[in-house]
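Trainee: Structure supplied as start-v8.pdb; contents: PDB, C-alpha atoms and all ligand atoms.
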ATOM      1  CA  MET L   1     153.502 119.752 108.029
ATOM      2  CA  PHE L   2     153.631 116.068 107.123
ATOM      3  CA  MET L   3     155.148 115.479 103.680
ATOM      4  CA  LYS L   4     154.805 111.759 103.171
ATOM      5  CA  LYS L   5     155.473 110.840  99.544
ATOM      6  CA  LYS L   6     152.073 109.214  99.047
ATOM      7  CA  ILE L   7     150.243 112.371 100.151
ATOM      8  CA  ILE L   8     152.267 114.528  97.806
ATOM      9  CA  ALA L   9     151.469 112.020  95.093
ATOM     10  CA  ALA L  10     147.745 112.137  95.852
ATOM     11  CA  GLY L  11     147.830 115.852  95.179
ATOM     12  CA  LEU L  12     149.486 115.256  91.820
ATOM     13  CA  GLY L  13     146.968 112.728  90.556
ATOM     14  CA  LEU L  14     146.666 108.971  90.416
ATOM     15  CA  ALA L  15     148.983 108.229  87.462
ATOM     16  CA  LEU L  16     151.842 110.156  88.978
ATOM     17  CA  ALA L  17     151.080 108.618  92.352
ATOM     18  CA  VAL L  18     151.611 105.138  90.969
ATOM     19  CA  ALA L  19     154.890 106.243  89.418
ATOM     20  CA  LEU L  20     156.168 107.782  92.650
ATOM     21  CA  THR L  21     155.187 104.961  94.986
ATOM     22  CA  GLY L  22     156.386 102.313  92.591
ATOM     23  CA  CYS L  23     153.275 100.161  92.729
ATOM     24  CA  GLY L  24     149.523 100.431  92.452
ATOM     25  CA  GLY L  25     148.705  98.839  95.857
ATOM     26  CA  ASP L  26     145.307  97.304  96.703
ATOM     27  CA  LYS L  27     142.481  98.655  94.623
ATOM     28  CA  GLY L  28     139.025  99.632  95.868
ATOM     29  CA  ASP L  29     135.723  99.274  94.005
ATOM     30  CA  THR L  30     136.441 102.384  91.955
ATOM     31  CA  GLY L  31     139.860 101.090  90.861
ATOM     32  CA  THR L  32     141.741 103.638  92.980
ATOM     33  CA  ASP L  33     144.362 102.735  95.574
ATOM     34  CA  LEU L  34     143.020 101.874  99.016
ATOM     35  CA  ILE L  35     144.246 104.088 101.841
ATOM     36  CA  LYS L  36     146.242 101.952 104.297
ATOM     37  CA  VAL L  37     145.178 102.874 107.838
ATOM     38  CA  GLY L  38     146.614 101.409 111.038
ATOM     39  CA  PHE L  39     144.102 101.932 113.869
ATOM     40  CA  SER L  40     145.010 101.174 117.493
ATOM     41  CA  GLN L  41     141.821 100.943 119.535
ATOM     42  CA  LEU L  42     142.482 101.106 123.261
ATOM     43  CA  GLY L  43     140.260  98.203 124.283
ATOM     44  CA  ALA L  44     136.727  96.847 124.555
ATOM     45  CA  GLU L  45     136.016  97.987 128.103
ATOM     46  CA  SER L  46     132.578  99.518 127.647
ATOM     47  CA  GLY L  47     129.419  99.712 125.569
ATOM     48  CA  TRP L  48     130.724 103.056 124.308
ATOM     49  CA  ARG L  49     133.927 101.439 123.056
ATOM     50  CA  THR L  50     132.046  98.636 121.296
ATOM     51  CA  ALA L  51     129.862 101.171 119.479
ATOM     52  CA  ASN L  52     132.904 103.266 118.572
ATOM     53  CA  THR L  53     134.765 100.235 117.196
ATOM     54  CA  GLU L  54     131.741  99.231 115.093
ATOM     55  CA  SER L  55     131.471 102.748 113.721
ATOM     56  CA  VAL L  56     135.184 102.937 112.852
ATOM     57  CA  GLN L  57     135.220  99.517 111.181
ATOM     58  CA  ALA L  58     132.060 100.227 109.178
ATOM     59  CA  SER L  59     133.394 103.563 107.932
ATOM     60  CA  LEU L  60     137.007 102.553 107.209
ATOM     61  CA  SER L  61     135.868  99.692 104.975
ATOM     62  CA  LYS L  62     137.231  98.470 101.657
ATOM     63  CA  GLU L  63     134.029  99.665  99.950
ATOM     64  CA  ASN L  64     134.782 103.148 101.254
ATOM     65  CA  GLY L  65     138.363 103.016  99.960
ATOM     66  CA  PHE L  66     140.309 101.876 103.041
ATOM     67  CA  ASP L  67     142.642  98.994 103.829
ATOM     68  CA  LEU L  68     142.232  98.942 107.629
ATOM     69  CA  THR L  69     144.494  97.154 110.094
ATOM     70  CA  PHE L  70     142.627  97.296 113.420
ATOM     71  CA  VAL L  71     144.373  96.284 116.661
ATOM     72  CA  ASP L  72     142.726  96.102 120.120
ATOM     73  CA  ALA L  73     145.200  97.021 122.900
ATOM     74  CA  GLN L  74     143.144  95.573 125.767
ATOM     75  CA  GLN L  75     143.551  98.796 127.763
ATOM     76  CA  LYS L  76     147.352  98.405 127.950
ATOM     77  CA  GLN L  77     149.572 101.281 126.861
ATOM     78  CA  GLU L  78     152.460  98.936 126.015
ATOM     79  CA  ASN L  79     150.205  97.103 123.546
ATOM     80  CA  GLN L  80     149.297 100.395 121.891
ATOM     81  CA  ILE L  81     152.925 101.455 121.598
ATOM     82  CA  LYS L  82     153.780  98.106 120.002
ATOM     83  CA  ALA L  83     150.893  98.411 117.529
ATOM     84  CA  LEU L  84     151.976 101.949 116.587
ATOM     85  CA  ARG L  85     155.541 100.743 115.952
ATOM     86  CA  ASP L  86     154.176  97.887 113.832
ATOM     87  CA  PHE L  87     152.188 100.405 111.758
ATOM     88  CA  ILE L  88     155.390 102.386 111.143
ATOM     89  CA  GLN L  89     157.120  99.183 110.002
ATOM     90  CA  GLN L  90     154.192  98.392 107.707
ATOM     91  CA  ASP L  91     154.533 101.895 106.219
ATOM     92  CA  VAL L  92     150.806 102.597 106.434
ATOM     93  CA  ASP L  93     149.499 105.804 104.873
ATOM     94  CA  VAL L  94     147.825 107.066 108.054
ATOM     95  CA  ILE L  95     147.967 106.054 111.730
ATOM     96  CA  ALA L  96     144.942 106.589 113.961
ATOM     97  CA  PHE L  97     144.644 105.767 117.639
ATOM     98  CA  SER L  98     142.678 106.324 120.841
ATOM     99  CA  PRO L  99     145.284 106.766 123.592
ATOM    100  CA  VAL L 100     144.361 104.858 126.745
ATOM    101  CA  VAL L 101     146.074 107.455 128.975
ATOM    102  CA  GLU L 102     147.316 110.982 128.321
ATOM    103  CA  THR L 103     151.052 110.677 129.015
ATOM    104  CA  GLY L 104     153.914 108.332 128.100
ATOM    105  CA  TRP L 105     153.740 108.683 124.316
ATOM    106  CA  ASP L 106     156.676 111.012 123.610
ATOM    107  CA  GLU L 107     159.037 108.448 122.071
ATOM    108  CA  VAL L 108     156.551 106.730 119.808
ATOM    109  CA  LEU L 109     154.937 110.004 118.726
ATOM    110  CA  GLN L 110     158.379 111.263 117.699
ATOM    111  CA  GLU L 111     158.956 108.018 115.752
ATOM    112  CA  ILE L 112     155.655 108.464 113.898
ATOM    113  CA  LYS L 113     156.540 112.060 113.135
ATOM    114  CA  ASP L 114     160.041 111.112 111.941
ATOM    115  CA  ALA L 115     158.504 108.481 109.647
ATOM    116  CA  GLY L 116     156.374 111.219 108.068
ATOM    117  CA  ILE L 117     153.143 109.314 108.694
ATOM    118  CA  PRO L 118     150.161 111.563 109.410
ATOM    119  CA  LEU L 119     148.568 110.856 112.787
ATOM    120  CA  VAL L 120     144.858 111.135 113.561
ATOM    121  CA  LEU L 121     143.999 111.139 117.262
ATOM    122  CA  VAL L 122     140.615 109.642 117.976
ATOM    123  CA  ASP L 123     138.424 110.112 121.061
ATOM    124  CA  ARG L 124     141.119 110.855 123.657
ATOM    125  CA  ASN L 125     143.958 113.353 123.531
ATOM    126  CA  VAL L 126     147.608 113.170 124.628
ATOM    127  CA  ASN L 127     149.845 115.301 126.800
ATOM    128  CA  THR L 128     153.287 115.276 125.159
ATOM    129  CA  SER L 129     156.480 117.275 124.741
ATOM    130  CA  VAL L 130     156.566 116.399 121.009
ATOM    131  CA  VAL L 131     155.846 119.520 118.984
ATOM    132  CA  ASP L 132     152.829 119.282 116.668
ATOM    133  CA  PRO L 133     152.519 115.473 117.057
ATOM    134  CA  TYR L 134     149.243 114.955 115.189
ATOM    135  CA  VAL L 135     147.477 116.323 112.145
ATOM    136  CA  THR L 136     144.011 116.276 113.632
ATOM    137  CA  TRP L 137     142.096 115.182 116.730
ATOM    138  CA  ILE L 138     138.426 114.242 116.826
ATOM    139  CA  GLY L 139     136.505 113.519 120.008
ATOM    140  CA  ALA L 140     134.162 114.854 122.665
ATOM    141  CA  ASP L 141     134.628 117.757 125.074
ATOM    142  CA  PHE L 142     135.099 115.669 128.234
ATOM    143  CA  LYS L 143     135.424 118.684 130.493
ATOM    144  CA  LEU L 144     132.106 120.042 129.271
ATOM    145  CA  GLU L 145     130.515 116.638 129.920
ATOM    146  CA  GLY L 146     131.702 116.781 133.542
ATOM    147  CA  THR L 147     130.517 120.380 133.807
ATOM    148  CA  MET L 148     127.042 119.464 132.525
ATOM    149  CA  ALA L 149     126.783 116.581 135.005
ATOM    150  CA  GLY L 150     127.966 118.842 137.834
ATOM    151  CA  GLN L 151     125.533 121.618 136.960
ATOM    152  CA  TRP L 152     122.613 119.172 137.092
ATOM    153  CA  VAL L 153     123.749 117.864 140.489
ATOM    154  CA  ALA L 154     124.328 121.372 141.883
ATOM    155  CA  ALA L 155     120.853 122.455 140.728
ATOM    156  CA  ASN L 156     118.958 119.355 141.892
ATOM    157  CA  TYR L 157     120.945 117.899 144.818
ATOM    158  CA  PRO L 158     123.054 120.753 146.226
ATOM    159  CA  ASP L 159     123.585 118.972 149.579
ATOM    160  CA  ALA L 160     124.410 115.554 148.140
ATOM    161  CA  LYS L 161     127.124 113.401 149.662
ATOM    162  CA  ILE L 162     128.885 112.444 146.459
ATOM    163  CA  PHE L 163     130.991 109.432 145.586
ATOM    164  CA  GLU L 164     132.869 109.678 142.286
ATOM    165  CA  LEU L 165     133.463 106.523 140.251
ATOM    166  CA  GLN L 166     136.451 107.451 138.141
ATOM    167  CA  GLY L 167     137.375 106.114 134.732
ATOM    168  CA  THR L 168     140.836 104.767 133.890
ATOM    169  CA  MET L 169     143.252 106.854 135.944
ATOM    170  CA  GLY L 170     145.300 109.245 133.843
ATOM    171  CA  SER L 171     142.965 109.012 130.849
ATOM    172  CA  ALA L 172     141.655 112.199 129.277
ATOM    173  CA  PRO L 173     137.988 111.486 130.134
ATOM    174  CA  GLN L 174     138.834 110.711 133.783
ATOM    175  CA  LEU L 175     140.923 113.842 134.208
ATOM    176  CA  ASP L 176     138.617 116.190 132.329
ATOM    177  CA  ARG L 177     135.227 114.899 133.518
ATOM    178  CA  GLU L 178     136.468 115.017 137.084
ATOM    179  CA  ALA L 179     137.773 118.568 136.716
ATOM    180  CA  GLY L 180     134.548 119.782 135.078
ATOM    181  CA  PHE L 181     132.277 118.048 137.611
ATOM    182  CA  ASP L 182     134.231 118.937 140.742
ATOM    183  CA  ALA L 183     134.336 122.621 139.823
ATOM    184  CA  GLU L 184     130.528 122.706 139.668
ATOM    185  CA  VAL L 185     129.644 120.702 142.789
ATOM    186  CA  GLY L 186     132.576 121.838 144.954
ATOM    187  CA  VAL L 187     135.263 119.385 146.103
ATOM    188  CA  GLU L 188     134.025 119.635 149.701
ATOM    189  CA  ASN L 189     130.873 117.761 148.648
ATOM    190  CA  ILE L 190     132.822 114.780 147.300
ATOM    191  CA  ILE L 191     133.153 112.337 150.173
ATOM    192  CA  GLY L 192     135.132 109.701 148.278
ATOM    193  CA  ARG L 193     136.468 108.529 144.929
ATOM    194  CA  ALA L 194     137.742 105.295 143.424
ATOM    195  CA  THR L 195     138.408 104.085 139.929
ATOM    196  CA  GLY L 196     136.264 101.500 138.177
ATOM    197  CA  ASN L 197     138.476 101.588 135.053
ATOM    198  CA  PHE L 198     135.406 102.250 132.850
ATOM    199  CA  THR L 199     134.173  98.634 133.315
ATOM    200  CA  ARG L 200     130.977  97.305 134.863
ATOM    201  CA  ALA L 201     132.775  94.703 137.016
ATOM    202  CA  GLU L 202     135.234  97.186 138.519
ATOM    203  CA  GLY L 203     132.483  99.785 138.939
ATOM    204  CA  LYS L 204     130.517  97.234 140.958
ATOM    205  CA  ALA L 205     133.515  96.303 143.127
ATOM    206  CA  ALA L 206     134.363  99.968 143.796
ATOM    207  CA  THR L 207     130.752 100.698 144.788
ATOM    208  CA  GLU L 208     130.623  97.697 147.127
ATOM    209  CA  ALA L 209     133.678  99.081 148.915
ATOM    210  CA  ALA L 210     132.225 102.607 148.929
ATOM    211  CA  LEU L 211     128.942 101.417 150.501
ATOM    212  CA  GLN L 212     131.004 100.113 153.401
ATOM    213  CA  ALA L 213     133.383 103.067 153.641
ATOM    214  CA  TYR L 214     130.835 105.877 153.117
ATOM    215  CA  PRO L 215     127.419 104.802 154.470
ATOM    216  CA  GLU L 216     126.215 108.415 154.174
ATOM    217  CA  MET L 217     126.787 108.581 150.392
ATOM    218  CA  ASN L 218     123.583 109.394 148.513
ATOM    219  CA  LEU L 219     124.795 110.307 145.019
ATOM    220  CA  ILE L 220     127.227 108.630 142.638
ATOM    221  CA  PHE L 221     128.807 110.349 139.657
ATOM    222  CA  ALA L 222     130.116 107.568 137.408
ATOM    223  CA  HIS L 223     132.420 108.605 134.569
ATOM    224  CA  ASN L 224     130.590 106.167 132.280
ATOM    225  CA  ASP L 225     127.404 104.097 132.008
ATOM    226  CA  ASP L 226     129.096 100.733 132.477
ATOM    227  CA  MET L 227     130.458 101.669 135.901
ATOM    228  CA  GLY L 228     127.053 103.151 136.776
ATOM    229  CA  LEU L 229     125.426  99.832 135.858
ATOM    230  CA  GLY L 230     127.929  98.050 138.097
ATOM    231  CA  ALA L 231     126.976 100.492 140.870
ATOM    232  CA  VAL L 232     123.280  99.622 140.371
ATOM    233  CA  GLU L 233     124.085  95.947 140.969
ATOM    234  CA  ALA L 234     126.073  96.720 144.121
ATOM    235  CA  ILE L 235     123.388  99.055 145.509
ATOM    236  CA  LYS L 236     120.624  96.488 144.965
ATOM    237  CA  ALA L 237     122.746  93.762 146.563
ATOM    238  CA  ALA L 238     123.103  96.044 149.615
ATOM    239  CA  GLY L 239     119.302  96.277 149.892
ATOM    240  CA  LYS L 240     119.063  99.879 148.681
ATOM    241  CA  VAL L 241     117.168 101.338 145.735
ATOM    242  CA  PRO L 242     119.310 102.811 142.930
ATOM    243  CA  GLY L 243     117.925 106.091 141.601
ATOM    244  CA  VAL L 244     116.047 106.712 144.890
ATOM    245  CA  ASP L 245     118.249 105.970 147.916
ATOM    246  CA  ILE L 246     121.325 106.723 145.856
ATOM    247  CA  ILE L 247     121.035 109.076 142.885
ATOM    248  CA  ILE L 248     123.133 107.990 139.891
ATOM    249  CA  VAL L 249     124.561 110.363 137.296
ATOM    250  CA  THR L 250     126.657 108.985 134.435
ATOM    251  CA  VAL L 251     128.234 109.825 131.076
ATOM    252  CA  ASP L 252     127.801 108.076 127.691
ATOM    253  CA  GLY L 253     124.148 107.296 126.891
ATOM    254  CA  VAL L 254     124.579 103.774 125.525
ATOM    255  CA  ARG L 255     121.360 101.825 125.271
ATOM    256  CA  ALA L 256     121.837  99.885 128.547
ATOM    257  CA  GLY L 257     122.421 103.163 130.359
ATOM    258  CA  MET L 258     119.414 104.798 128.725
ATOM    259  CA  GLN L 259     117.317 101.773 129.734
ATOM    260  CA  ALA L 260     118.429 102.253 133.346
ATOM    261  CA  LEU L 261     117.320 105.896 133.056
ATOM    262  CA  VAL L 262     113.838 104.929 131.782
ATOM    263  CA  ASP L 263     113.635 102.299 134.519
ATOM    264  CA  GLY L 264     114.382 104.941 137.168
ATOM    265  CA  GLU L 265     117.701 103.423 138.247
ATOM    266  CA  PHE L 266     119.799 106.197 136.706
ATOM    267  CA  ASN L 267     118.779 109.831 137.208
ATOM    268  CA  TYR L 268     120.763 111.785 134.608
ATOM    269  CA  ILE L 269     123.074 110.961 131.699
ATOM    270  CA  VAL L 270     125.366 113.302 129.812
ATOM    271  CA  GLU L 271     125.840 111.886 126.345
ATOM    272  CA  CYS L 272     129.214 111.019 124.826
ATOM    273  CA  ASN L 273     128.499 110.091 121.222
ATOM    274  CA  PRO L 274     130.731 107.219 119.953
ATOM    275  CA  VAL L 275     129.416 107.141 116.378
ATOM    276  CA  PHE L 276     131.844 109.294 114.404
ATOM    277  CA  GLY L 277     133.553 106.799 112.097
ATOM    278  CA  ASP L 278     132.281 108.675 109.034
ATOM    279  CA  GLN L 279     133.899 111.879 110.255
ATOM    280  CA  ILE L 280     137.207 110.037 110.810
ATOM    281  CA  ALA L 281     136.990 108.620 107.265
ATOM    282  CA  GLY L 282     136.354 112.096 105.850
ATOM    283  CA  LEU L 283     139.321 113.571 107.703
ATOM    284  CA  ILE L 284     141.656 110.802 106.481
ATOM    285  CA  LYS L 285     140.521 111.220 102.872
ATOM    286  CA  ASP L 286     141.112 114.956 103.098
ATOM    287  CA  ILE L 287     144.588 114.416 104.550
ATOM    288  CA  MET L 288     145.460 111.994 101.748
ATOM    289  CA  ALA L 289     144.149 114.449  99.168
ATOM    290  CA  GLY L 290     146.475 117.101 100.558
ATOM    291  CA  LYS L 291     143.586 119.251 101.797
ATOM    292  CA  SER L 292     143.840 121.148 105.056
ATOM    293  CA  VAL L 293     141.836 119.710 107.966
ATOM    294  CA  PRO L 294     140.784 121.286 111.260
ATOM    295  CA  LYS L 295     143.174 120.659 114.151
ATOM    296  CA  THR L 296     140.198 119.805 116.352
ATOM    297  CA  THR L 297     136.740 118.381 115.669
ATOM    298  CA  ILE L 298     134.362 118.233 118.637
ATOM    299  CA  VAL L 299     131.655 115.575 118.533
ATOM    300  CA  VAL L 300     128.465 117.180 119.848
ATOM    301  CA  ASP L 301     126.776 115.722 122.942
ATOM    302  CA  ALA L 302     123.323 116.031 124.544
ATOM    303  CA  ALA L 303     122.004 115.199 128.049
ATOM    304  CA  PHE L 304     119.017 113.151 129.226
ATOM    305  CA  ASP L 305     116.886 112.883 132.351
ATOM    306  CA  GLN L 306     114.127 110.447 133.360
ATOM    307  CA  THR L 307     111.609 112.104 131.035
ATOM    308  CA  ILE L 308     112.957 110.147 128.051
ATOM    309  CA  THR L 309     110.590 107.466 126.734
ATOM    310  CA  GLN L 310     110.999 103.755 126.091
ATOM    311  CA  ALA L 311     110.439 104.414 122.372
ATOM    312  CA  PHE L 312     113.378 106.835 122.391
ATOM    313  CA  VAL L 313     115.604 104.208 123.989
ATOM    314  CA  ASP L 314     114.434 101.490 121.567
ATOM    315  CA  ALA L 315     115.303 103.725 118.614
ATOM    316  CA  ARG L 316     118.807 104.398 119.886
ATOM    317  CA  ALA L 317     121.488 103.173 117.458
ATOM    318  CA  TYR L 318     123.914 101.870 120.105
TER     319      TYR L 318
HETATM  320  O1  LIG T 401     136.974 107.935 125.960
HETATM  321  C1  LIG T 401     135.596 107.783 126.029
HETATM  322  C2  LIG T 401     135.240 106.940 127.213
HETATM  323  O2  LIG T 401     135.896 105.705 127.128
HETATM  324  C3  LIG T 401     133.790 106.565 127.363
HETATM  325  O3  LIG T 401     133.031 107.523 128.017
HETATM  326  C4  LIG T 401     133.907 105.336 128.179
HETATM  327  O4  LIG T 401     132.743 104.561 128.237
HETATM  328  C5  LIG T 401     135.009 104.667 127.477
HETATM  329  O5  LIG T 401     135.565 103.632 128.093
END
Represent the supplied structure as structure tokens.
Mentor:
Amino acid sequence: MFMKKKIIAAGLGLALAVALTGCGGDKGDTGTDLIKVGFSQLGAESGWRTANTESVQASLSKENGFDLTFVDAQQKQENQIKALRDFIQQDVDVIAFSPVVETGWDEVLQEIKDAGIPLVLVDRNVNTSVVDPYVTWIGADFKLEGTMAGQWVAANYPDAKIFELQGTMGSAPQLDREAGFDAEVGVENIIGRATGNFTRAEGKAATEAALQAYPEMNLIFAHNDDMGLGAVEAIKAAGKVPGVDIIIVTVDGVRAGMQALVDGEFNYIVECNPVFGDQIAGLIKDIMAGKSVPKTTIVVDAAFDQTITQAFVDARAY
């Protein structure tokens, strides 16, 4: 149980809080203290990440009662660790972060815990020896996303020769989507894999190499839309037709991916919803108010095939 003095104070009321913390801090529109949040975003590698960042920044706004310090780690773990240490130095009320990979956080998680700062894990989870390192985690069920993609492939293309375009190696979505997908389609049907690091450019490069190495491949499972869009470019450049000669299944459902689905270049998308800034804000307010919060909040996903309409894509928020 985190017992930071400001949280205890919040439970005792504003006047006492000011007395205990020694100062009033920045005030929001309602005259109450703003909640100081340090947020380490892992990067800006994908359309999903851009939408997630916009959602977080819109929800953790001054108008909503937050004093947000937002730092982009450019997909480097060392940058995230530095940002987290800076947040400890700044004595923020709450630290939130999306870990780029699952492991390698033990030291800094222990430092956050020792500082008594509540930690909110966003989007991706960690694998750590630190006991009870975070107050709450909110994100999608990546394994289920991989399972849903795999079930669609097994039902519609049971004999496919599959190439898997992996996300950032060692990240929770790469590990879990792969495990969920592979269990459904059977590892013997996966003829090759390579990482595209969740970016369009690296997804394209990995597909170019795969077209050479595995001429028999006729289905790609990309761990996100951006890599799938890179694959579309590579397939067209090779004189083949994406969505026909090579079936493309992805995860995310950002607008560019949904457009590719309507255009017949993608065949199936399992959604990963990035718009949950309001839920993060609610969890942080509850933590600061001393209320109990769920250990886990799963953001609900859907799945889409080529029957979606252009109007549906146009109405999509991200
Ligand atoms: O962690 C969520 C994943 O990260 C998204 O599916 C992907 O697009 C992003 O880079």
Trainee: Counting all atoms listed in the file, what is within 9 Å of L:Gly257, bar same-chain residues fewer than 6 positions away, as a ChimeraX atom specification?
Mentor: /L:224-226,228-229,250-251,266,269
Trainee: Using only C-alpha atoms and all ligand atoms, pick whichever of L:Ala51, L:Ala160, L:Val300, L:Met217 has the shortest atom-to-atom distance to ligand LIG 401 (chain T).
Mentor: L:Ala51
Trainee: Quick one: everything within 12 Å of stretch 199-201 of chain L, counting all atoms listed in the file, minus sequence neighbours fewer than 6 positions away in the same chain. Send it as a list in words.
Mentor: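 These residues fall inside the cut-off: Gly43, Ala44, Glu45, Ser46, Gly47, Trp48, Arg49, Gln75, Leu165, Gln166, Gly167, Thr168, Thr207, Glu208, Ala222, His223, Asn224, Asp225, Asp226, Met227, Gly228, Leu229, Gly230, Ala231, Val232, Glu233, Ala234, Ala256 and Gly257 of chain L.
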Trainee: Report the centre and edge lengths, in Å to one decimal, of an axis-aligned box enclosing every atom of ligand LIG 401 (chain T) listed in the file, padded by 8 Å on each side, as JSON.
Mentor:
{"center_x": 134.9, "center_y": 105.8, "center_z": 127.1, "size_x": 20.2, "size_y": 20.3, "size_z": 18.3}
Trainee: Residues near stretch 274-291 of chain L, anyone? I mean within 10 Å using all atoms listed in the file, not counting same-chain ones fewer than 2 positions away, as an NGL selection string.
Mentor: :L and (2-4 or 6-13 or 35 or 37 or 47-61 or 64-66 or 93-96 or 118-123 or 135-140 or 252-254 or 271-272 or 293-294 or 297 or 299 or 301 or 317-318)
Trainee: Place a sphere of radius 12 Å on (149.9, 102.6, 119.5) in the file coordinates and name every protein, DNA or RNA residue with an atom inside or on its surface, counting all atoms listed in the file; give the answer as a ChimeraX atom specification.
Mentor: /L:38-43,70-88,95-101,104-109,111-112,119-122,126
Trainee: Name the residues that the PyMOL selection byres (((chain L and resi 170) around 8) and not hetatm) picks from the file above, as a list of chain:residue names, using the file's chain letters and numbers.
Mentor: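 Checked against the file, the PyMOL selection byres (((chain L and resi 170) around 8) and not hetatm) matches L:Val101, L:Glu102, L:Thr103, L:Thr168, L:Met169, L:Ser171, L:Ala172, L:Gln174, L:Leu175.
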Trainee: One decimal, in Å: what's the spacing between atom CA of L:Ala115 and atom CA of L:Thr128?
Mentor: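 About the pair atom CA of L:Ala115 and atom CA of L:Thr128: they are 17.7 Å apart.
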Trainee: Could you list, as an MDAnalysis selection string, every residue within 12 Å of L:Asp305, counting all atoms listed in the file and ignoring same-chain residues fewer than 5 positions away?
Mentor: chainID L and resid 149 152:153 156 243 247:251 253 257:271
Trainee: Would you translate the PyMOL selection byres (((chain L and resi 144) around 10) and not hetatm) into the concrete set of residues it matches in this file, as a count of residues only?
Mentor: 17
Trainee: Could you please determine the separation between atom O5 of ligand LIG 401 (chain T) and atom CA of L:Phe198 in Å, to one decimal place?
Mentor: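 Atom O5 of ligand LIG 401 (chain T) sits 5.0 Å away from atom CA of L:Phe198.
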Trainee: Name the residues that the PyMOL selection byres (((chain L and resi 194) around 7) and not hetatm) picks from the file above, as a list of chain:residue names, using the file's chain letters and numbers.
Mentor: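 This file gives the following for the PyMOL selection byres (((chain L and resi 194) around 7) and not hetatm): L:Glu164, L:Leu165, L:Gln166, L:Arg193, L:Thr195, L:Gly196, L:Ala206.
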Trainee: Just give me the gap between atom CA of L:Pro158 and atom CA of L:Ile190 in Å, one decimal is fine.
Mentor: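 According to the coordinates, atom CA of L:Pro158 and atom CA of L:Ile190 are separated by 11.5 Å.
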Trainee: In terms of the shortest atom-to-atom distance over all atoms listed in the file, which of L:Ile308, L:Ile246, L:Ala154, L:Ala238 is closest to L:Glu216?
Mentor: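 The answer is L:Ile246, which sits nearest to L:Glu216.
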Trainee: How about completing stretch 31-35 of chain L with all heavy atoms and giving it to me as a compact mmCIF listing (two decimals), in the coordinates of the input?
Mentor:
# COMPACT_ATOMS: atom_id res chain seq x y z
N GLY L 31 138.59 101.27 91.56
CA GLY L 31 139.86 101.09 90.86
C GLY L 31 140.97 101.96 91.39
O GLY L 31 142.10 101.90 90.92
N THR L 32 140.69 102.78 92.41
CA THR L 32 141.74 103.64 92.98
C THR L 32 142.42 102.91 94.13
O THR L 32 141.88 101.95 94.68
CB THR L 32 141.14 104.96 93.52
OG1 THR L 32 140.06 104.64 94.37
CG2 THR L 32 140.68 105.84 92.39
N ASP L 33 143.62 103.37 94.48
CA ASP L 33 144.36 102.74 95.57
C ASP L 33 143.60 102.88 96.89
O ASP L 33 143.08 103.95 97.21
CB ASP L 33 145.72 103.42 95.74
CG ASP L 33 146.69 102.97 94.66
OD1 ASP L 33 146.44 101.93 94.04
OD2 ASP L 33 147.69 103.69 94.46
N LEU L 34 143.60 101.80 97.67
CA LEU L 34 143.02 101.87 99.02
C LEU L 34 143.98 102.64 99.92
O LEU L 34 145.20 102.55 99.75
CB LEU L 34 142.80 100.47 99.58
CG LEU L 34 141.79 99.58 98.84
CD1 LEU L 34 141.80 98.18 99.43
CD2 LEU L 34 140.39 100.18 98.92
N ILE L 35 143.42 103.37 100.86
CA ILE L 35 144.25 104.09 101.84
C ILE L 35 144.55 103.12 102.99
O ILE L 35 143.63 102.61 103.64
CB ILE L 35 143.51 105.33 102.38
CG1 ILE L 35 143.16 106.29 101.23
CG2 ILE L 35 144.35 106.02 103.45
CD1 ILE L 35 142.22 107.42 101.64
